[in-house]
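Written out below as C-alpha cells is the structure these notes cover.
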Amino acid sequence: MATYEVQVATGDVFQAGTTNSISITLVGTEGESAKTKISHTFLTNCAKSKIHCEQDLGPILLIHLYKERILFEDAWFCNNVCVTSPLGKVYRFPCYQWVEGEIPLQLREGTGKTLSDEEYGILKQHRRYELEERRAVFRWKTFAEGWPLCLDVDSVEDLSSDTKFSYIRAKNFHGIQTVQIYRMAFMGFLNKHCSWKSLEDMEKIFSKIKRRNTVPKYVASHWSKDTFFGYQFLNGTNPVVIQKCMELPDKFPVMQEMVASFLGADTNLRKEMQEGHIFIADYEILEGIPTGTINGQQQYIAAPLCLLHQDSTGLLRPIAIQLSQTPGPKSPIFLPSDHEWDWILAKTWVRNAEFYIHQIIIHLLKTHLFGEVFAISTLRHLPTCHPVFKLLIPHFRFTLHINTLARSVLINSGGIIEKGAGASYEGLLMILKRGLEKVTYVSLCLPDDIQARGVSSIPNYYYRDDGMKLWTAVASFVSGIIDFYYTSDESVQRDAELQAWVKEIFMNGFLGRESSGIPSSLWTIAELKKFLTMMIFTCSAQHAAVNTGQYDLGAFLPNYPSSMREPPPEVKGRYSLQLFLDTVPTVATTAQNATSLLLLSSTLADTRFLGQYPEEHFTEQKPKRLIRAFQERLQEITEEIEERNNPVELPYNYLNPKQIENSISI
C-alpha cells in the first residue's frame, strides 16, 4: 500500500472558494490512483487529503481535478496542488485559474520543459491537448485594415474568467469612472460646448482632486515656458519622438539668421548641428489625415516640424516651428521672437500633434496592441509547462480585458477618442496604420532606439537613464532564465512551439513586414533573450512611461489639446489670448478628456508591480533565486530614482519600479 498526501490551495481572490465537490486523480509513470474526494465542507483556503494506492505510482506526471456541483454551479479558483509521495518527494502542480463547469482539469507537474525535453508520450499528448483547447478559445480577428490582429471577442463579457479583471479591480475601475463623470457633471462642465473664459478657469478641472493636482498645478504654471516645452520631449508622456538633427531637411528651411539670437554667442546653426546640440521632431505621419467635427464644429490637424536646441546648461528649447510639411508663404516658420501668442499657439499645435502620435502610435499601438499580440500568441503556442510561458504570463495579466474594453468604448467608431479628438474616425484608423508601417524592431528595443535617435548623451533625459537601468535588469533576469532551460542555439532552433510562437507574432502583430526587422524566427539564445527582454519591457516599463503621466501632464488643457477648432495660422501677427481660447478644445471636450486621462492613469486595486510574482509558475529553485535577484535589483533602482528625485521640484517617477505594473492592465 502506497499513501500520498495531497494539499490543495484555493486562491486569495474574491469568491475563490466553492461549495462544489472537489476530487483528484494522480497519474504516474507506473499507474493511476482512484478518484479521491478532497476532504472539505466549504473549500476556501487549503484542503488536505490522503490517497491510498495499491502500489507506488512512480514519478507523478499529471493530476486530474474534478469539480462536481452539489446544489448549483459554484466556480473555484485553484492556486496549486502539492503531492507528497510515500518517500517524501514533493510534486508541485501550479494552476492559478478558475475551475468552472464539470469538465476535469488536467494539470502537469510544474517543472519547466520545452517539447524536445519531454520524456513521456502522455506529457507530449497533454501539451497538444492544452494548446488545441487554447486555440479554440483565443482566436484572431481583424479590427481594422492595416492594424495588428486582435482577440476575436465582441465585449469583455465574452472573455474567459481567467482573462477578465478581478472583481475588486473591476469595481474600482468603474467606481473611479462614475465618480469623475458625476464630478464633471456636477461642476457643469459636460454641457458647456463653448470656449473657456480664461486660462485660470481651466484649472478648475483638476483643482479639487487634491491627491492628483500637484503636477497639473506645476504644468499650469509652466506650460508656456520654452524650457518646459523642451523638457517634455525628454520626460513627458511621449519621450521617444525627438532625434538628433545633423542636417535640416529641405522641407524645413530654417536659416541661420532666423535662429542666431537663440543659439548663443560664438556659434551658428551649422556648428550646433555638427556638435550634436540640435534636435528635430517631425510629425509627417499626420499629413493629410481626415478631420472630423465635435458637436457640429469642424476640427483641424497640422503636421508640424519642430527644431530644438540644447544650450550650454543642458536645457532643451524650441527655436523654430513650421506647421506643415510644405514650406512657403502660407507656412511661416514661427520663432521664439515672434509675438507671444503666435509663438504659444505654434507650440500648442505641436502639443496637439503630440496628442495623436502619443495616444494612437506610442501608447495604443506600441504597447497595448503589441502587448495583446504577444499575449494571444503565447496562449496559442506555448503550453503552461513551457519556460517562456512561465516567464511571460505574469506580464499579460488583464491585458486582454483592458484592450477588449478599449475596442468597445474608447477606440471604436463613436467612441471616446473620436468624440474628443479632431481627427475623424477614419483619420484615427489611418494614423495607426501609418504608424505600424513605420514600426521597427530597433524602435522597440530601448538601447537600440536611443542609439538610432542619437540621444545617448543629451543631459536630463530621465526616461532614458531610468529606462536603461530597467532594460538591463530585465535582460539580466531573462538571461538567467533562458540559460537555465536552453543549453545551445540548436535547442532554440529545434523548439517547434517557440518558432511557431514568434512566427505568429511576426505575421499577426507586424503583418509580415520584413522591413520592420521584427524576427520571424529565432536562431540563437541571444536572439531569444533580446526578443523576450523587449516584450517584458514593452508590457511593463514602456507602458508605464507613456501611460502613467497622462493626467499629470494632460489635465491642464493647453499642454495636451486633443483637438483644434481653428485652422493652423498661415500668417503671423494675428493671434491673441481670445483667439487661442477659441482654438483649443471646448469646456465639455476638456472635461470628457480629463475624465478619461484620470481613469487611464490611475493605479487600480489588485495591481501587481514589476517583479511581483505571487503566482509561482516556476517550481525549480534556480528560477526562484533569479526572481529574488531581479526583485533586489528593482529595489536598488527604486532607491536610486528616489534619491535623485528628492530635491527636484518636478520629479520624474514614471519609471520607478514601485509605480510600474507588471502588465498592460489600464
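By order of appearance in the C-alpha cells: chains A, B, ..., then residues from 1 within every chain, and ligands from 1 in the order shown.
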
Can you tell me, as a PyMOL selection string, what residues are no more than 12 Å from range 124-128 of chain A when counting only C-alpha atoms, ignoring any on the same chain fewer than 6 positions away?
-> chain A and resi 61-64+105-109+113-118+134-135+380-386+497

Residue selection dump (N, CA, C and O atoms) as a compact mmCIF listing (two decimals), in the first residue's frame:
# COMPACT_ATOMS: atom_id res chain seq x y z
N LEU A 61 3.19 12.53 -12.89
CA LEU A 61 3.28 13.36 -14.10
C LEU A 61 2.12 14.33 -14.22
O LEU A 61 2.30 15.49 -14.63
N LEU A 62 0.93 13.86 -13.90
CA LEU A 62 -0.28 14.65 -14.09
C LEU A 62 -1.21 14.45 -12.91
O LEU A 62 -1.13 13.44 -12.20
N ILE A 63 -2.11 15.41 -12.72
CA ILE A 63 -3.26 15.19 -11.85
C ILE A 63 -4.51 15.60 -12.61
O ILE A 63 -4.45 16.44 -13.51
N HIS A 64 -5.62 14.97 -12.26
CA HIS A 64 -6.92 15.36 -12.80
C HIS A 64 -7.74 15.92 -11.64
O HIS A 64 -7.91 15.26 -10.61
N LEU A 105 -10.09 19.04 -15.05
CA LEU A 105 -8.94 19.87 -15.37
C LEU A 105 -7.67 19.05 -15.18
O LEU A 105 -7.43 18.50 -14.10
N GLN A 106 -6.86 18.97 -16.23
CA GLN A 106 -5.59 18.26 -16.15
C GLN A 106 -4.47 19.25 -15.86
O GLN A 106 -4.33 20.25 -16.56
N LEU A 107 -3.68 18.96 -14.85
CA LEU A 107 -2.52 19.77 -14.53
C LEU A 107 -1.27 18.89 -14.55
O LEU A 107 -1.30 17.76 -14.05
N ARG A 108 -0.19 19.42 -15.10
CA ARG A 108 1.05 18.65 -15.10
C ARG A 108 2.00 19.22 -14.05
O ARG A 108 1.89 20.38 -13.65
N GLU A 109 2.93 18.39 -13.64
CA GLU A 109 3.93 18.81 -12.65
C GLU A 109 4.68 20.02 -13.17
O GLU A 109 4.88 20.19 -14.37
N LYS A 113 9.60 22.70 -19.12
CA LYS A 113 10.15 21.84 -20.17
C LYS A 113 9.76 22.34 -21.55
O LYS A 113 8.62 22.74 -21.77
N THR A 114 10.70 22.29 -22.46
CA THR A 114 10.39 22.50 -23.87
C THR A 114 9.94 21.17 -24.46
O THR A 114 10.13 20.11 -23.85
N LEU A 115 9.38 21.22 -25.66
CA LEU A 115 8.86 20.00 -26.27
C LEU A 115 9.94 18.95 -26.45
O LEU A 115 9.71 17.75 -26.22
N SER A 116 11.14 19.36 -26.84
CA SER A 116 12.21 18.39 -27.08
C SER A 116 12.73 17.76 -25.80
O SER A 116 13.42 16.75 -25.83
N ASP A 117 12.39 18.36 -24.65
CA ASP A 117 12.83 17.80 -23.37
C ASP A 117 11.87 16.75 -22.83
O ASP A 117 12.19 16.08 -21.84
N GLU A 118 10.72 16.60 -23.44
CA GLU A 118 9.72 15.67 -22.93
C GLU A 118 10.19 14.22 -23.05
O GLU A 118 10.67 13.80 -24.10
N ARG A 134 -6.75 25.88 -26.08
CA ARG A 134 -6.48 27.32 -26.02
C ARG A 134 -6.76 27.97 -27.38
O ARG A 134 -7.31 29.07 -27.45
N ARG A 135 -6.36 27.31 -28.46
CA ARG A 135 -6.57 27.91 -29.79
C ARG A 135 -8.05 28.02 -30.12
O ARG A 135 -8.45 28.89 -30.90
N ARG A 380 -1.64 30.68 -27.43
CA ARG A 380 -1.95 29.75 -28.51
C ARG A 380 -0.82 28.76 -28.80
O ARG A 380 -1.08 27.68 -29.34
N HIS A 381 0.40 29.11 -28.48
CA HIS A 381 1.53 28.29 -28.93
C HIS A 381 2.43 27.75 -27.83
O HIS A 381 3.22 26.82 -28.09
N LEU A 382 2.34 28.27 -26.63
CA LEU A 382 3.23 27.81 -25.56
C LEU A 382 2.40 27.20 -24.43
O LEU A 382 1.60 27.91 -23.80
N PRO A 383 2.55 25.92 -24.16
CA PRO A 383 1.79 25.30 -23.07
C PRO A 383 2.27 25.82 -21.72
O PRO A 383 3.33 26.43 -21.60
N THR A 384 1.49 25.56 -20.70
CA THR A 384 1.77 26.07 -19.36
C THR A 384 3.14 25.66 -18.86
O THR A 384 3.78 26.40 -18.11
N CYS A 385 3.62 24.49 -19.26
CA CYS A 385 4.91 24.00 -18.77
C CYS A 385 6.09 24.62 -19.50
O CYS A 385 7.24 24.45 -19.07
N HIS A 386 5.85 25.33 -20.59
CA HIS A 386 6.96 25.89 -21.36
C HIS A 386 7.62 27.01 -20.54
O HIS A 386 6.94 27.88 -20.01
N GLU A 497 7.49 24.76 -30.85
CA GLU A 497 6.47 25.63 -30.25
C GLU A 497 6.94 27.08 -30.24
O GLU A 497 6.19 28.00 -30.55

Against range 548-555 of chain A, which residues of range 194-253 of chain A fall within 9 Å? For each one I want the closest pair of atoms and the distance in Å (one decimal), counting only C-alpha atoms, rows by chain and increasing residue number, as CSV.
residue,atom,partner,partner_atom,distance
A:Met202,CA,A:Ala555,CA,8.9
A:Glu203,CA,A:Ala555,CA,8.3
A:Ile205,CA,A:Ala555,CA,7.2
A:Phe206,CA,A:Ala555,CA,6.6
A:Arg212,CA,A:Asp552,CA,7.4
A:Asn213,CA,A:Asp552,CA,7.5
A:Thr214,CA,A:Asp552,CA,8.1
A:Val215,CA,A:Asp552,CA,5.3
A:Pro216,CA,A:Asp552,CA,5.2
A:Lys217,CA,A:Asp552,CA,8.9
A:Val219,CA,A:Leu553,CA,6.6
A:Gln232,CA,A:Leu553,CA,9.0
A:Gly236,CA,A:Gly549,CA,7.3
A:Thr237,CA,A:Gly549,CA,5.9

Counting only C-alpha atoms, what is within 10 Å of Tyr91 in chain A, bar same-chain residues fewer than 2 positions away, as a PyMOL selection string?
-> chain A and resi 6+59-62+81-85+88-89+93-94+108-111+619

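For range 317-332 of chain A, the residues within 6 Å (counting only C-alpha atoms, excluding itself and residues fewer than 3 positions away along the chain) are Asp226, Thr227, Gly230, Lys251, Ala302, Ala303, Pro304, Leu305, Cys306, Leu307, Leu308, His309, Leu335 and Glu570 of chain A.
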
Residues of range 168-190 of chain A within 9 Å of range 575-597 of chain A: nearest atom pair and distance (Å, one decimal) for each, counting only C-alpha atoms, sorted by chain and number, as a Markdown table?
| residue | atom | partner | partner_atom | distance |
| --- | --- | --- | --- | --- |
| A:Gln177 | CA | A:Thr595 | CA | 7.3 |
| A:Gln180 | CA | A:Thr595 | CA | 5.9 |
| A:Ile181 | CA | A:Thr595 | CA | 6.7 |
| A:Met184 | CA | A:Ala591 | CA | 6.4 |
| A:Ala185 | CA | A:Ala591 | CA | 8.9 |
| A:Gly188 | CA | A:Ala588 | CA | 8.8 |
| A:Phe189 | CA | A:Ala588 | CA | 5.3 |
| A:Leu190 | CA | A:Ala588 | CA | 4.4 |

What residues in range 296-498 of chain A get the DSSP label alpha helix (DSSP H)? Please answer as a PyMOL selection string.
-> chain A and resi 340-356+370-381+387-392+399-409+416-420+425-438+441-444+446-452+462-485+489-493+496-498

Counting only C-alpha atoms, what are the residues of range 342-404 of chain A within 8 Å of range 537-542 of chain A, and for each of them which pair of atoms is the nearest and at what distance in Å, to one decimal? Sort the table by chain and rising number, as a tab-separated table.
residue	atom	partner	partner_atom	distance
A:Lys366	CA	A:Thr538	CA	7.8
A:Thr367	CA	A:Thr538	CA	5.9
A:His368	CA	A:Cys539	CA	7.9
A:Gly371	CA	A:Cys539	CA	5.9
A:His395	CA	A:Cys539	CA	6.2
A:Phe396	CA	A:Cys539	CA	7.4

Range 313-550 of chain A: which residues are strand (DSSP E) by DSSP, as a list in words?
->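 Answer for range 313-550 of chain A, restricted to strand (DSSP E): Leu316, Arg317, Pro318, Ile319, Ala320, Ile321, Gln322, Ile333 and Phe334 of chain A.
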
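Within the 9 Å cut-off around Ala34 in chain A, using only C-alpha atoms and omitting residues fewer than 6 positions from it on the same chain, the listed residues are Ile24, Thr25, Leu26, Ile51, His52 and Cys53 of chain A.
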